[in-house]
$ cat protein.cif   # mmCIF, C-alpha atoms
data_entry
#
loop_
_atom_site.label_atom_id
_atom_site.label_comp_id
_atom_site.auth_asym_id
_atom_site.auth_seq_id
_atom_site.Cartn_x
_atom_site.Cartn_y
_atom_site.Cartn_z
CA MET I 10 29.69 65.38 91.27
CA ASN I 11 27.39 62.52 90.25
CA LEU I 12 27.09 61.77 86.56
CA PRO I 13 23.58 61.94 85.06
CA ILE I 14 21.90 58.55 84.87
CA ILE I 15 20.48 59.52 81.44
CA GLU I 16 22.12 61.81 78.89
CA THR I 17 20.67 62.61 75.47
CA ARG I 18 22.38 64.81 72.90
CA TYR I 19 20.61 66.03 69.73
CA LEU I 20 18.40 62.94 69.69
CA SER I 21 16.34 62.67 66.49
CA LYS I 22 14.12 60.01 64.98
CA ARG I 23 12.99 60.05 61.35
CA TYR I 24 10.39 57.87 59.67
CA LEU I 25 9.84 57.56 55.92
CA LEU I 26 6.20 57.52 54.91
CA ASP I 27 5.41 55.84 51.60
CA HIS I 28 2.58 57.25 49.47
CA GLN I 29 1.70 54.79 46.68
CA ALA I 30 0.66 56.60 43.54
CA GLN I 31 -1.52 53.76 42.20
CA GLU I 32 -4.93 53.53 43.81
CA ALA I 33 -5.62 50.32 45.73
CA PRO I 34 -8.05 47.90 44.06
CA ARG I 35 -11.63 48.34 45.20
CA THR I 36 -13.48 45.56 43.35
CA PHE I 37 -12.80 41.98 42.22
CA ARG I 38 -12.45 43.29 38.67
CA ASP I 39 -9.71 45.75 39.78
CA VAL I 40 -7.82 42.91 41.47
CA MET I 41 -7.98 40.75 38.32
CA VAL I 42 -6.86 43.63 36.07
CA GLN I 43 -3.87 44.54 38.27
CA GLY I 44 -2.95 40.88 38.64
CA SER I 45 -2.99 40.27 34.88
CA GLN I 46 -0.86 43.38 34.32
CA THR I 47 1.73 42.07 36.76
CA ILE I 48 1.84 38.66 35.05
CA THR I 49 2.09 40.24 31.59
CA ASN I 50 4.95 42.51 32.64
CA THR I 51 6.78 39.56 34.19
CA LEU I 52 6.41 37.34 31.08
CA LEU I 53 7.11 39.99 28.43
CA ARG I 54 9.96 41.69 30.30
CA PRO I 55 11.89 38.92 32.05
CA GLY I 56 14.45 40.25 34.51
CA ARG I 57 12.68 43.58 34.82
CA ARG I 58 10.28 44.26 37.67
CA ARG I 59 7.60 46.80 37.03
CA ARG I 60 7.79 49.28 39.88
CA LEU I 61 4.78 51.29 40.88
CA PRO I 62 5.42 55.00 41.17
CA SER I 63 5.60 56.11 44.78
CA ALA I 64 6.58 59.13 46.82
CA GLN I 65 8.28 59.20 50.21
CA GLU I 66 7.72 61.80 52.88
CA GLU I 67 10.07 62.43 55.78
CA PHE I 68 8.47 62.63 59.22
CA TRP I 69 10.63 63.61 62.20
CA ALA I 70 9.00 62.19 65.34
CA LEU I 71 11.86 63.71 67.40
CA LYS I 72 14.22 66.52 66.48
CA ASP I 73 17.37 67.54 68.41
CA ILE I 74 16.27 66.42 71.88
CA SER I 75 18.93 67.14 74.55
CA PHE I 76 18.58 66.79 78.34
CA ASP I 77 20.18 65.20 81.42
CA ILE I 78 18.35 63.31 84.15
CA GLN I 79 19.93 62.84 87.56
CA PRO I 80 19.63 59.66 89.68
CA GLY I 81 16.49 59.62 91.81
CA GLN I 82 14.56 62.19 89.78
CA ARG I 83 10.88 61.63 89.00
CA VAL I 84 10.43 63.14 85.54
CA GLY I 85 7.07 63.60 83.87
CA ILE I 86 6.87 63.86 80.09
CA ILE I 87 3.80 65.59 78.68
CA GLY I 88 2.58 66.87 75.34
CA ARG I 89 -0.23 66.53 72.84
CA ASN I 90 -0.81 63.33 70.87
CA GLY I 91 1.95 63.07 68.27
CA ALA I 92 4.39 65.24 70.23
CA GLY I 93 6.96 62.40 70.35
CA LYS I 94 6.49 61.11 73.92
CA SER I 95 6.16 57.41 73.09
CA THR I 96 8.96 57.57 70.52
CA LEU I 97 11.29 59.07 73.12
CA LEU I 98 10.45 56.34 75.63
CA LYS I 99 11.02 53.61 73.03
CA ILE I 100 14.46 55.01 72.28
CA LEU I 101 15.32 55.23 75.99
CA SER I 102 14.10 51.63 76.39
CA ARG I 103 16.29 50.46 73.46
CA ILE I 104 13.23 49.27 71.56
CA THR I 105 14.13 51.46 68.58
CA GLU I 106 17.31 53.25 67.56
CA PRO I 107 17.59 57.00 66.97
CA THR I 108 18.28 58.31 63.48
CA GLN I 109 20.71 60.90 64.81
CA GLY I 110 22.23 61.88 68.13
CA SER I 111 23.46 59.91 71.11
CA ILE I 112 22.09 58.49 74.33
CA ALA I 113 23.86 57.23 77.46
CA ILE I 114 22.08 55.33 80.27
CA ARG I 115 24.06 54.32 83.35
CA GLY I 116 22.02 51.47 84.80
CA ARG I 117 19.39 48.83 84.15
CA VAL I 118 16.13 49.98 82.56
CA ALA I 119 12.68 48.43 83.11
CA SER I 120 9.89 49.67 80.83
CA LEU I 121 6.13 49.39 80.77
CA LEU I 122 5.08 51.05 77.53
CA GLU I 123 2.04 49.15 76.28
CA VAL I 124 0.00 46.09 77.14
CA GLY I 125 1.98 43.07 75.95
CA THR I 126 5.46 44.58 76.11
CA GLY I 127 8.06 42.19 77.50
CA PHE I 128 5.87 39.12 78.14
CA HIS I 129 5.73 35.90 76.14
CA PRO I 130 2.03 35.07 75.69
CA GLU I 131 2.54 31.29 75.75
CA LEU I 132 4.42 31.32 79.07
CA THR I 133 2.74 31.41 82.47
CA GLY I 134 2.83 34.37 84.83
CA ARG I 135 5.42 32.57 86.94
CA GLU I 136 7.66 31.87 83.93
CA ASN I 137 7.37 35.44 82.68
CA ILE I 138 8.51 36.82 86.04
CA PHE I 139 11.74 34.82 85.75
CA LEU I 140 12.09 35.66 82.05
CA ASN I 141 11.80 39.40 82.68
CA GLY I 142 14.26 39.17 85.56
CA ALA I 143 16.76 37.42 83.33
CA ILE I 144 16.31 40.10 80.65
CA LEU I 145 17.14 42.71 83.30
CA GLY I 146 20.32 40.79 84.11
CA MET I 147 19.19 39.36 87.45
CA GLY I 148 20.04 35.90 88.76
CA GLN I 149 17.41 33.37 89.76
CA GLU I 150 18.18 33.72 93.46
CA GLU I 151 17.66 37.49 93.25
CA ILE I 152 14.34 36.98 91.45
CA ARG I 153 13.19 34.40 94.01
CA ARG I 154 13.77 36.92 96.80
CA LYS I 155 11.35 39.33 95.14
CA PHE I 156 8.92 36.71 93.80
CA ASP I 157 6.36 36.68 96.63
CA GLU I 158 6.36 40.48 96.80
CA ILE I 159 5.68 40.73 93.04
CA VAL I 160 2.82 38.23 93.16
CA ALA I 161 1.23 39.92 96.18
CA PHE I 162 1.42 43.35 94.53
CA ALA I 163 -0.06 42.10 91.23
CA GLU I 164 -2.86 40.15 92.95
CA VAL I 165 -2.67 37.33 90.39
CA ASP I 166 -1.67 34.43 92.68
CA ARG I 167 -4.64 32.29 91.54
CA PHE I 168 -3.55 32.61 87.91
CA LEU I 169 0.20 32.35 88.38
CA ASP I 170 0.49 29.10 86.41
CA THR I 171 -1.89 30.21 83.63
CA PRO I 172 -0.44 31.38 80.27
CA VAL I 173 -0.58 35.17 80.22
CA LYS I 174 -2.36 35.10 76.85
CA ARG I 175 -5.45 34.19 78.88
CA TYR I 176 -5.08 37.20 81.20
CA SER I 177 -7.37 40.19 80.95
CA SER I 178 -5.69 43.49 80.05
CA GLY I 179 -5.97 44.59 83.70
CA MET I 180 -4.29 41.42 85.01
CA TYR I 181 -1.59 41.75 82.36
CA VAL I 182 -0.77 45.31 83.36
CA ARG I 183 -0.81 44.52 87.07
CA LEU I 184 1.75 41.75 86.66
CA ALA I 185 3.86 43.70 84.15
CA PHE I 186 4.07 46.73 86.44
CA ALA I 187 4.81 44.60 89.50
CA VAL I 188 7.73 42.93 87.70
CA ALA I 189 9.09 46.21 86.32
CA ALA I 190 8.90 48.01 89.67
CA HIS I 191 10.10 45.24 92.01
CA LEU I 192 13.11 43.84 90.16
CA GLU I 193 15.13 46.88 91.20
CA PRO I 194 16.03 48.59 87.91
CA GLU I 195 17.97 51.83 88.16
CA VAL I 196 15.50 53.44 85.72
CA LEU I 197 11.75 52.74 85.60
CA ILE I 198 9.93 53.97 82.47
CA VAL I 199 6.12 53.96 82.49
CA ASP I 200 3.77 55.13 79.73
CA GLU I 201 0.03 55.88 80.01
CA VAL I 202 -0.59 52.11 80.06
CA LEU I 203 -1.54 52.32 83.77
CA ALA I 204 -4.87 53.80 82.67
CA VAL I 205 -5.90 50.22 81.85
CA GLY I 206 -5.94 49.28 85.54
CA ASP I 207 -8.70 50.12 88.01
CA MET I 208 -8.50 53.22 90.20
CA ALA I 209 -7.33 51.37 93.32
CA PHE I 210 -4.47 49.74 91.43
CA GLN I 211 -3.47 53.04 89.81
CA GLU I 212 -3.16 54.58 93.28
CA LYS I 213 -1.03 51.62 94.38
CA CYS I 214 1.23 52.00 91.32
CA LEU I 215 1.72 55.72 91.94
CA GLY I 216 2.66 54.99 95.54
CA LYS I 217 5.14 52.35 94.39
CA MET I 218 6.74 54.77 91.92
CA GLN I 219 7.20 57.27 94.74
CA ASP I 220 8.83 54.52 96.82
CA VAL I 221 11.12 53.61 93.90
CA ALA I 222 12.26 57.22 93.58
CA GLY I 223 12.72 57.43 97.35
CA GLU I 224 15.16 54.55 97.11
CA GLY I 225 17.34 56.63 94.79
CA ARG I 226 16.12 55.12 91.53
CA THR I 227 14.85 57.15 88.58
CA VAL I 228 11.29 57.26 87.23
CA LEU I 229 10.18 58.54 83.80
CA PHE I 230 6.41 58.84 83.54
CA VAL I 231 4.19 59.81 80.58
CA SER I 232 0.61 60.81 81.34
CA HIS I 233 -2.19 63.08 80.16
CA ASN I 234 -3.37 63.42 83.76
CA MET I 235 -1.89 66.72 84.86
CA GLY I 236 -2.86 66.17 88.48
CA VAL I 237 -0.84 62.94 88.65
CA ILE I 238 2.13 64.64 86.99
CA GLU I 239 2.08 67.41 89.60
CA THR I 240 1.70 64.93 92.47
CA LEU I 241 4.24 62.31 91.43
CA CYS I 242 6.98 64.23 89.63
CA ASP I 243 9.60 66.71 90.77
CA ARG I 244 10.43 67.75 87.19
CA CYS I 245 8.50 67.87 83.92
CA ILE I 246 9.50 68.02 80.24
CA LEU I 247 6.98 69.44 77.75
CA LEU I 248 7.33 68.10 74.18
CA ASP I 249 5.81 69.80 71.16
CA ARG I 250 6.14 68.49 67.59
CA GLY I 251 9.14 66.34 68.45
CA MET I 252 11.10 69.05 70.29
CA VAL I 253 11.55 70.11 73.90
CA LYS I 254 9.23 73.08 74.35
CA ALA I 255 10.01 73.64 78.03
CA ASP I 256 11.61 71.89 81.00
CA GLY I 257 10.95 72.82 84.62
CA ALA I 258 8.73 72.51 87.68
CA PRO I 259 5.69 70.24 87.09
CA LYS I 260 3.08 72.87 88.00
CA ASP I 261 4.64 75.44 85.66
CA MET I 262 4.82 72.91 82.81
CA THR I 263 1.25 71.65 83.21
CA GLU I 264 -0.12 75.22 83.27
CA LEU I 265 1.88 76.03 80.13
CA TYR I 266 0.60 72.87 78.41
CA ILE I 267 -3.03 73.60 79.27
CA SER I 268 -2.64 77.24 78.18
CA GLN I 269 -1.18 76.17 74.83
CA SER I 270 -3.93 73.60 74.35
CA ARG I 271 -6.59 76.24 74.89
CA GLN I 272 -4.81 78.61 72.50
CA MET I 273 -4.71 75.91 69.81
CA VAL I 274 -8.41 75.32 70.36
CA ALA I 275 -9.11 79.03 69.85
CA GLU I 276 -6.98 79.11 66.70
CA GLY I 277 -8.80 76.02 65.46
CA PHE I 278 -12.13 77.82 65.86
CA GLU I 279 -10.84 80.71 63.77
CA HIS I 280 -9.26 78.70 60.94
CA GLN I 281 -11.91 76.42 59.52
CA THR I 282 -11.24 73.50 57.22
CA HIS I 283 -13.46 71.58 54.84
CA LYS I 284 -13.99 68.69 57.21
CA PRO I 285 -17.54 67.26 57.39
CA PHE I 286 -17.87 68.60 60.94
CA THR I 287 -16.19 71.57 62.63
CA PHE I 288 -16.69 73.19 66.02
CA LEU I 289 -17.05 76.97 65.55
CA ASN I 290 -16.93 78.21 69.14
CA ALA I 291 -17.75 77.38 72.72
CA ALA I 292 -18.55 79.45 75.79
CA LEU I 293 -19.61 79.17 79.42
CA CYS I 294 -22.42 81.48 80.52
CA ASN I 295 -24.55 82.13 83.56
CA THR I 296 -28.32 81.81 83.51
CA GLN I 297 -28.60 85.42 82.29
CA GLY I 298 -26.46 84.67 79.22
CA ASP I 299 -23.32 86.52 80.33
CA ASN I 300 -19.94 84.92 79.64
CA ILE I 301 -18.31 83.61 82.81
CA SER I 302 -15.15 81.83 83.94
CA TRP I 303 -16.37 81.04 87.47
CA VAL I 304 -19.50 80.45 89.50
CA ASP I 305 -20.21 80.29 93.19
CA GLU I 306 -20.89 76.90 94.69
CA GLY I 307 -24.54 76.02 94.09
CA GLN I 308 -24.97 78.27 91.01
CA SER I 309 -25.91 76.83 87.63
CA ALA I 310 -23.92 77.38 84.43
CA CYS I 311 -24.68 76.91 80.74
CA LEU I 312 -22.30 75.52 78.15
CA HIS I 313 -22.94 76.85 74.63
CA LEU I 314 -21.58 75.11 71.50
CA SER I 315 -21.83 76.03 67.87
CA PHE I 316 -20.70 73.82 65.01
CA ARG I 317 -20.87 73.59 61.24
CA LEU I 318 -21.75 70.69 58.98
CA ASN I 319 -20.14 71.13 55.58
CA GLN I 320 -22.19 68.24 54.21
CA PRO I 321 -25.25 66.26 55.33
CA LEU I 322 -24.31 63.95 58.19
CA LYS I 323 -26.09 60.94 59.66
CA GLY I 324 -25.56 59.36 63.06
CA ALA I 325 -23.23 62.04 64.45
CA GLU I 326 -22.88 62.58 68.17
CA ILE I 327 -21.31 65.54 69.94
CA GLY I 328 -20.65 66.05 73.59
CA ILE I 329 -18.31 67.13 76.36
CA GLN I 330 -15.86 65.54 78.73
CA ALA I 331 -15.10 67.33 81.98
CA HIS I 332 -12.40 66.67 84.55
CA PRO I 333 -11.07 68.45 87.62
CA GLN I 334 -7.60 69.95 87.50
CA ASN I 335 -6.10 67.11 89.53
CA SER I 336 -8.04 64.06 88.42
CA GLN I 337 -9.36 61.90 85.59
CA ASP I 338 -12.51 62.61 83.55
CA VAL I 339 -15.56 62.67 85.82
CA LEU I 340 -18.33 63.88 83.53
CA PHE I 341 -19.52 62.78 80.10
CA ALA I 342 -22.53 64.26 78.30
CA THR I 343 -23.72 63.96 74.70
CA ALA I 344 -25.80 66.42 72.73
CA LEU I 345 -27.16 65.25 69.39
CA SER I 346 -28.36 61.84 70.55
CA ASP I 347 -30.24 63.55 73.39
CA CYS I 348 -31.76 66.31 71.24
CA LEU I 349 -32.85 64.27 68.23
CA PRO I 350 -35.60 61.65 68.01
CA ALA I 351 -33.02 59.09 66.89
CA ALA I 352 -29.24 59.16 66.68
CA ALA I 353 -29.41 58.04 63.06
CA THR I 354 -31.35 61.15 61.99
CA GLU I 355 -29.59 62.95 59.16
CA LEU I 356 -28.77 66.62 59.59
CA ALA I 357 -28.59 68.95 56.62
CA ALA I 358 -25.46 71.01 55.96
CA GLY I 359 -25.39 74.27 57.87
CA ASP I 360 -24.62 75.91 61.23
CA TYR I 361 -26.07 74.65 64.50
CA THR I 362 -25.99 75.55 68.19
CA ALA I 363 -26.40 73.37 71.27
CA GLN I 364 -26.69 74.26 74.95
CA LEU I 365 -26.12 72.17 78.07
CA THR I 366 -27.17 73.36 81.54
CA LEU I 367 -24.93 72.31 84.42
CA PRO I 368 -27.03 72.29 87.61
CA GLY I 369 -25.56 74.10 90.59
CA THR I 370 -25.84 70.92 92.64
CA LEU I 371 -23.61 68.98 90.22
CA LEU I 372 -20.04 70.19 90.72
CA ARG I 373 -18.25 70.66 94.01
CA PRO I 374 -15.75 73.54 94.48
CA GLY I 375 -12.68 73.25 92.29
CA ILE I 376 -11.27 73.93 88.82
CA TYR I 377 -12.74 72.00 85.89
CA TYR I 378 -11.66 71.68 82.24
CA PHE I 379 -14.09 70.84 79.46
CA SER I 380 -13.08 69.08 76.24
CA LEU I 381 -15.35 68.87 73.18
CA PHE I 382 -15.74 65.87 70.90
CA ALA I 383 -17.74 64.86 67.86
CA HIS I 384 -17.85 61.41 66.30
CA ILE I 385 -19.93 58.84 64.52
CA PRO I 386 -19.99 56.02 67.09
CA HIS I 387 -17.87 52.98 66.17
CA HIS I 388 -16.97 54.58 62.85
CA GLU I 389 -15.20 57.95 62.71
CA TRP I 390 -13.90 60.80 64.90
CA LEU I 391 -15.00 64.12 63.44
CA ASP I 392 -13.49 66.77 65.75
CA HIS I 393 -11.89 66.94 69.21
CA ARG I 394 -10.82 70.02 71.19
CA GLU I 395 -8.91 69.37 74.42
CA HIS I 396 -9.27 71.82 77.34
CA ALA I 397 -11.51 74.10 75.31
CA LEU I 398 -13.08 75.70 78.41
CA ARG I 399 -12.21 76.21 82.06
CA LEU I 400 -14.65 76.77 84.92
CA THR I 401 -13.85 77.56 88.54
CA VAL I 402 -16.48 76.64 91.14
CA LYS I 403 -15.81 78.81 94.19
CA SER I 404 -16.53 77.62 97.68
CA CYS I 405 -18.99 79.78 99.63
CA GLY I 406 -18.33 78.08 102.94
CA LEU I 407 -21.75 76.48 102.98
CA THR I 408 -22.55 74.96 106.37
CA ASP I 409 -23.32 71.28 105.94
CA PRO I 410 -23.16 68.58 108.62
CA ARG I 411 -21.95 66.19 105.90
CA LYS I 412 -18.96 68.43 105.00
CA TYR I 413 -16.33 65.84 105.95
CA VAL I 414 -18.09 63.12 103.95
CA LEU I 415 -18.48 65.38 100.91
CA GLU I 416 -14.77 66.27 100.94
CA LYS I 417 -13.87 62.58 100.81
CA CYS I 418 -16.35 61.52 98.15
CA GLY I 419 -15.25 62.91 94.82
CA HIS I 420 -16.12 65.91 92.68
CA VAL I 421 -19.66 65.27 91.44
CA ARG I 422 -22.84 65.15 93.50
CA LEU I 423 -25.52 62.73 92.31
CA GLU I 424 -28.91 64.09 93.29
CA GLY I 425 -31.17 61.03 93.20
CA ASP I 426 -34.63 60.30 94.63
CA TRP I 427 -34.46 57.88 97.55
CA ASP I 428 -37.45 55.86 98.74
CA LEU I 429 -37.10 54.70 102.36
CA ARG I 430 -39.56 52.08 103.66
CA GLN I 431 -39.71 48.62 105.11
CA PRO I 432 -39.80 45.82 102.52
CA ASP I 433 -43.04 44.06 101.66
CA ALA I 434 -42.48 40.52 100.40
CA GLN I 435 -45.69 40.59 98.37
CA VAL I 436 -44.80 43.83 96.61
CA ASP I 437 -41.00 43.93 96.32
CA ARG I 438 -39.63 41.61 93.62
CA VAL I 439 -36.08 42.98 93.40
CA GLN I 440 -33.53 40.16 93.41
CA ALA I 441 -30.67 41.69 95.38
CA GLN I 442 -27.19 40.24 95.71
CA PRO I 443 -26.05 39.60 99.30
CA LEU I 444 -23.18 41.81 100.42
CA VAL I 445 -19.98 40.14 101.61
CA ALA I 446 -18.54 41.59 104.81
CA GLN I 447 -15.41 43.61 104.03
CA ALA I 448 -12.36 43.35 106.24
CA GLN I 449 -11.48 46.60 107.95
CA ARG I 450 -8.48 48.38 106.49
#
$ encode --input "protein.cif" --output "structure tokens"
Amino acid sequence: MNLPIIETRYLSKRYLLDHQAQEAPRTFRDVMVQGSQTITNTLLRPGRRRRLPSAQEEFWALKDISFDIQPGQRVGIIGRNGAGKSTLLKILSRITEPTQGSIAIRGRVASLLEVGTGFHPELTGRENIFLNGAILGMGQEEIRRKFDEIVAFAEVDRFLDTPVKRYSSGMYVRLAFAVAAHLEPEVLIVDEVLAVGDMAFQEKCLGKMQDVAGEGRTVLFVSHNMGVIETLCDRCILLDRGMVKADGAPKDMTELYISQSRQMVAEGFEHQTHKPFTFLNAALCNTQGDNISWVDEGQSACLHLSFRLNQPLKGAEIGIQAHPQNSQDVLFATALSDCLPAAATELAAGDYTAQLTLPGTLLRPGIYYFSLFAHIPHHEWLDHREHALRLTVKSCGLTDPRKYVLEKCGHVRLEGDWDLRQPDAQVDRVQAQPLVAQAQR
């Protein structure tokens, strides 16, 4: 029987949060007063340091995590923000040590946790490839064998001898992933950092991770994209408040996660706080005002929101994000900035409602989740409810000669007004960019 490539037993990580009792200085006068007090205490009480009263709070990012992972498994790790996903990956990557418990990893580990991890900014892309290989315990000859493949995958050959501190975040991630995936680690650990790359590169990375697992190596993948988790992984671990909530088939785990998220949203609607802004409820309705959970293809739907301002608020913006069950966000719509004469208009305290009509021509058949958000742009997040609503658009088998094209072209239809005519040099002043012929794939 093969030994697990990763074993964790009662893994826990504790952080101590300091809460300083003395208020931080706000003005120049406060700074001078506190500074003079420090000098006076030092001069009058030599050998005694005046300590400010403080309180420490224990925060357990992980608590008693135990699981085994077999060689070649593709394991997704999901959970809400703050559930402990990133902390777990940092412990598995040996970036931080656990407070309690034990961990055993039988093989080399390559990690891609955040932009900047593992690269020296002053070194070139070429030098960092060799540096990362050496960190993984590989010899120069072994790295040279993979070098051309890494560069081709990352698509950074023109900038190979440029210091990586001059790379864009997308270039950085492309090279970092290419190094981590191609230098043949036994365990590849990838966080949500791939979201930085463009869609084409994300697809290429997912394909590479499937190839890595097919070669018998192990992949650990954290993502908020449930569709990717179901597609890539053959096992999924759901974390909640630093503990393993469930462990099983990806589809079962993602459905449980979404169900719990919606339940927390409902509980949040019922238990109000004294925040400046709070969502009260949300609902999907048909054009007659009846609550619905599905519509036929081509039918319109209305999204109703109600919210409360516990104090006057200026510059707030609320809206929705929508995404299909197996994809990234595809729809973004705001409310207040569209309804008000100016986004900076101040609203008085009180209860408000907003309604958004989703045209029947907008969404193609499928399952869609809607998240709610409220914020003051570039300043403060006020409220956010993930997966607050779910809508199923049912296919009616509409006959359309463009059916094949529509199936290949995404989830949202853009109904625009086209104007077809021959150009008139005296009338048309549009400065168009010439299109470069694209090589056939």
$ atom_distance --input "protein.cif" --atom1 "CA of Lys403 in chain I" --atom2 "CA of Asp261 in chain I"
22.4 Å
$ resolve_selection --input "protein.cif" --expression "the PyMOL selection byres ((chain I and resi 110) around 10)" --output "list in words"
Thr17, Arg18, Tyr19, Leu20, Ser21, Lys22, Lys72, Asp73, Ile74, Ser75, Glu106, Pro107, Thr108, Gln109, Ser111 and Ile112 of chain I
$ closest_residue --input "protein.cif" --among "I:Lys323, I:Arg103, I:His332, I:Arg154" --to "Ser380 in chain I" --atoms "all atoms listed in the file"
I:His332
$ residues_around --input "protein.cif" --residues "Glu16 in chain I" --least-positions-apart "2" --cutoff "8 Å" --atoms "only C-alpha atoms" --output "list of chain:residue names"
I:Pro13, I:Ile14, I:Arg18, I:Ser75, I:Phe76, I:Asp77, I:Ile78, I:Ile112, I:Ala113, I:Ile114
$ write_last_selection --input "protein.cif" --atoms "C-alpha atoms" --output "PDB file, in the coordinates of the input"
ATOM      1  CA  PRO I  13      23.580  61.940  85.060  1.00  0.00           C
ATOM      2  CA  ILE I  14      21.900  58.550  84.870  1.00  0.00           C
ATOM      3  CA  ARG I  18      22.380  64.810  72.900  1.00  0.00           C
ATOM      4  CA  SER I  75      18.930  67.140  74.550  1.00  0.00           C
ATOM      5  CA  PHE I  76      18.580  66.790  78.340  1.00  0.00           C
ATOM      6  CA  ASP I  77      20.180  65.200  81.420  1.00  0.00           C
ATOM      7  CA  ILE I  78      18.350  63.310  84.150  1.00  0.00           C
ATOM      8  CA  ILE I 112      22.090  58.490  74.330  1.00  0.00           C
ATOM      9  CA  ALA I 113      23.860  57.230  77.460  1.00  0.00           C
ATOM     10  CA  ILE I 114      22.080  55.330  80.270  1.00  0.00           C
TER      11      ILE I 114
END
$ resolve_selection --input "protein.cif" --expression "the PyMOL selection byres ((chain I and resi 400) around 9)" --output "PyMOL selection string"
chain I and resi 293+301-304+375-379+398-399+401-402
$ atom_distance --input "protein.cif" --atom1 "CA of Leu367 in chain I" --atom2 "CA of Phe288 in chain I"
20.2 Å
